[in-house]
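S.K.: Quick one: the structure is below, questions incoming.
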Amino acid sequence: MDYLIEMYINYLAAVRGLSENTRDAYARDLKKYLDFLACLSIVNIEDVQADSINQYRAYLRSQGLSERSAARHFYAIRGFHRYVCDEGMTECDPAGKLEAPKMGSFLPGVMSSAQVETLLKQPMSVKARHPQEHAVQLRDKAMLETLYASGVRVSELIALKLHALNWKKGCIQCLGKGDKERIVPLGETALEWIARYLEDAREFFLMKRGYSEFLFVTRCGGKMSRQSFWMSLKKYLKLAGLPQDISPHTLRHSFATHLLENGADLRSLQLMLGHSDISTTQMYTHVSAKRLKKVYDDFHPRAK
């Protein structure tokens, strides 16, 4: 049944326009699902029953998956069976009448402004031992400043092209989920560090390769990966004494929450984050309200 997954993933790319990261996650989830079906001696798609899917859902719960991960598995499976049925490869959809998982409200983790400032200082906090190390520090500093200044996803950050920068208008052109383009403003600080990186570091990385269309590159001049940026972030979190569970997405959440706390409107924030539905952006109002309530409780003389 592996060929059916390939057909479905191609459909998600060509028709639904889902991002590569989302497609990869769905493909991994569906591969695990088919492996489980094989353990039940189910090797033909038309033999799958609703009970088979419920057994797999019970198995996922026994593995301690989070609500969000279990829900993603379910929606991948439901979409897969709907596609197979719509294409006439099965007569019925075994997932069609199954109840979707109920999820509690998800509030993202947010860093304080002081924590962000501490993190952003780290790349340049240690004296470089040689020119290449200094170049890495400049690149990492520029990437962190850009991430927090723009609120882009890490996948969007590493995919930024040189031509995406508009120095005159102070913004970047970003390619988001579903290959949707948006314009995101950058502050002066981020632009200054990008300029320093371009002047003093980027060419150092490109001495062997010669050219790259990507703004941020590795020591060998290749495209940065999410994993390599994640490892750099972990290093700076450790240097700063900050929690190790902070992720690149935490900076995106912090960007959004800090903007709201300082008076930004939801519609503008939606455009900057690239959310297709404003209800997704509205979760940050809950985060902001929660943080403001904590400030009130901590500092108002009659809060307690």
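Following the order of the structure tokens, chains are lettered A, B, ..., residues in each are numbered from 1, and ligands are numbered from 1.
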Enumerate, as a CSV table (one decimal) with C-alpha atoms, in the first residue's frame, the complete set of residues in region 86-301 of chain A that a backbone-based DSSP assignment places in strand (DSSP E).
M.R.:
```csv
chain,number,residue,atom,x,y,z
A,165,LEU,CA,15.7,41.6,1.1
A,166,ASN,CA,14.3,45.1,0.3
A,171,CYS,CA,11.3,44.3,4.7
A,172,ILE,CA,11.7,40.7,3.5
A,173,GLN,CA,9.7,38.8,1.0
A,174,CYS,CA,8.9,35.4,2.6
A,175,LEU,CA,7.6,32.2,1.1
A,181,GLU,CA,4.2,34.9,-0.4
A,182,ARG,CA,4.0,37.7,2.1
A,183,ILE,CA,6.0,40.9,2.9
A,184,VAL,CA,7.3,41.1,6.5
A,185,PRO,CA,8.9,44.3,7.9
```
S.K.: Identify, on the basis of only C-alpha atoms, every residue whose closest approach to Glu145 (chain A) does not exceed 9 Å; exclude the query and any residue fewer than 6 positions from it along the same chain; express the result as a list in words.
M.R.: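 The neighbour list is Leu120, Thr189, Ala190, Leu191, Trp193 and Ile194 of chain A.
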S.K.: Keeping only N, CA, C and O atoms, take the residues you just selected and write them out as an mmCIF file, in the first residue's frame.
M.R.:
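part29.cif was written with the following content:
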```
data_model
loop_
_atom_site.group_PDB
_atom_site.id
_atom_site.type_symbol
_atom_site.label_atom_id
_atom_site.label_comp_id
_atom_site.auth_asym_id
_atom_site.auth_seq_id
_atom_site.Cartn_x
_atom_site.Cartn_y
_atom_site.Cartn_z
ATOM 1 N N LEU A 120 19.624 36.999 22.458
ATOM 2 C CA LEU A 120 20.160 37.677 21.279
ATOM 3 C C LEU A 120 21.599 38.172 21.477
ATOM 4 O O LEU A 120 22.321 38.374 20.513
ATOM 5 N N THR A 189 17.636 47.115 13.792
ATOM 6 C CA THR A 189 18.674 46.279 14.407
ATOM 7 C C THR A 189 18.931 45.030 13.582
ATOM 8 O O THR A 189 20.087 44.666 13.306
ATOM 9 N N ALA A 190 17.859 44.350 13.176
ATOM 10 C CA ALA A 190 18.010 43.139 12.363
ATOM 11 C C ALA A 190 18.686 43.467 11.040
ATOM 12 O O ALA A 190 19.587 42.743 10.586
ATOM 13 N N LEU A 191 18.285 44.566 10.409
ATOM 14 C CA LEU A 191 18.878 44.950 9.129
ATOM 15 C C LEU A 191 20.367 45.264 9.280
ATOM 16 O O LEU A 191 21.178 44.933 8.410
ATOM 17 N N TRP A 193 22.457 43.960 11.472
ATOM 18 C CA TRP A 193 23.226 42.718 11.658
ATOM 19 C C TRP A 193 23.278 41.889 10.380
ATOM 20 O O TRP A 193 24.292 41.232 10.102
ATOM 21 N N ILE A 194 22.218 41.944 9.586
ATOM 22 C CA ILE A 194 22.262 41.274 8.279
ATOM 23 C C ILE A 194 23.334 41.921 7.409
ATOM 24 O O ILE A 194 24.107 41.237 6.723
#
```
S.K.: Would you list, as a PDB file with C-alpha atoms, in the first residue's frame, the residues of region 94-130 of chain A that end up in alpha helix (DSSP H) under DSSP run on this structure's backbone?
M.R.:
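Contents of the output file selection-v1.pdb:
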```
ATOM      1  CA  SER A 113      11.435  40.467  26.616  1.00  0.00           C
ATOM      2  CA  ALA A 114      14.375  40.158  29.002  1.00  0.00           C
ATOM      3  CA  GLN A 115      14.904  36.499  28.040  1.00  0.00           C
ATOM      4  CA  VAL A 116      14.869  37.415  24.356  1.00  0.00           C
ATOM      5  CA  GLU A 117      17.428  40.164  24.913  1.00  0.00           C
ATOM      6  CA  THR A 118      19.659  37.767  26.832  1.00  0.00           C
ATOM      7  CA  LEU A 119      19.457  35.169  24.050  1.00  0.00           C
ATOM      8  CA  LEU A 120      20.160  37.677  21.279  1.00  0.00           C
ATOM      9  CA  LYS A 121      23.377  38.792  23.004  1.00  0.00           C
TER      10      LYS A 121
END
```
S.K.: Quote the spacing between CA of Lys208 (chain A) and CA of Ala164 (chain A) in Å to one decimal place.
M.R.: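 Those two atoms sit 23.8 Å apart.
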S.K.: Write out as a list in words which residues come within 12 Å of Val15 (chain A) when counting only C-alpha atoms, dropping same-chain ones fewer than 5 positions away.
M.R.: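 After dropping sequence-adjacent residues, the list is Met7, Tyr8, Ile9, Asn10, Tyr83 and Gly178 of chain A.
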S.K.: Using only C-alpha atoms, which of the listed residues (A:Glu67, A:Glu20, A:Glu99, A:Glu156) sits closest to Pro248 (chain A)?
M.R.: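 Using only C-alpha atoms, the shortest distance to Pro248 (chain A) belongs to A:Glu156.
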S.K.: State, in Å with one decimal place, the distance from CA of Tyr11 (chain A) to CA of Cys39 (chain A).
M.R.: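 Result for CA of Tyr11 (chain A) versus CA of Cys39 (chain A): 27.1 Å, one decimal.
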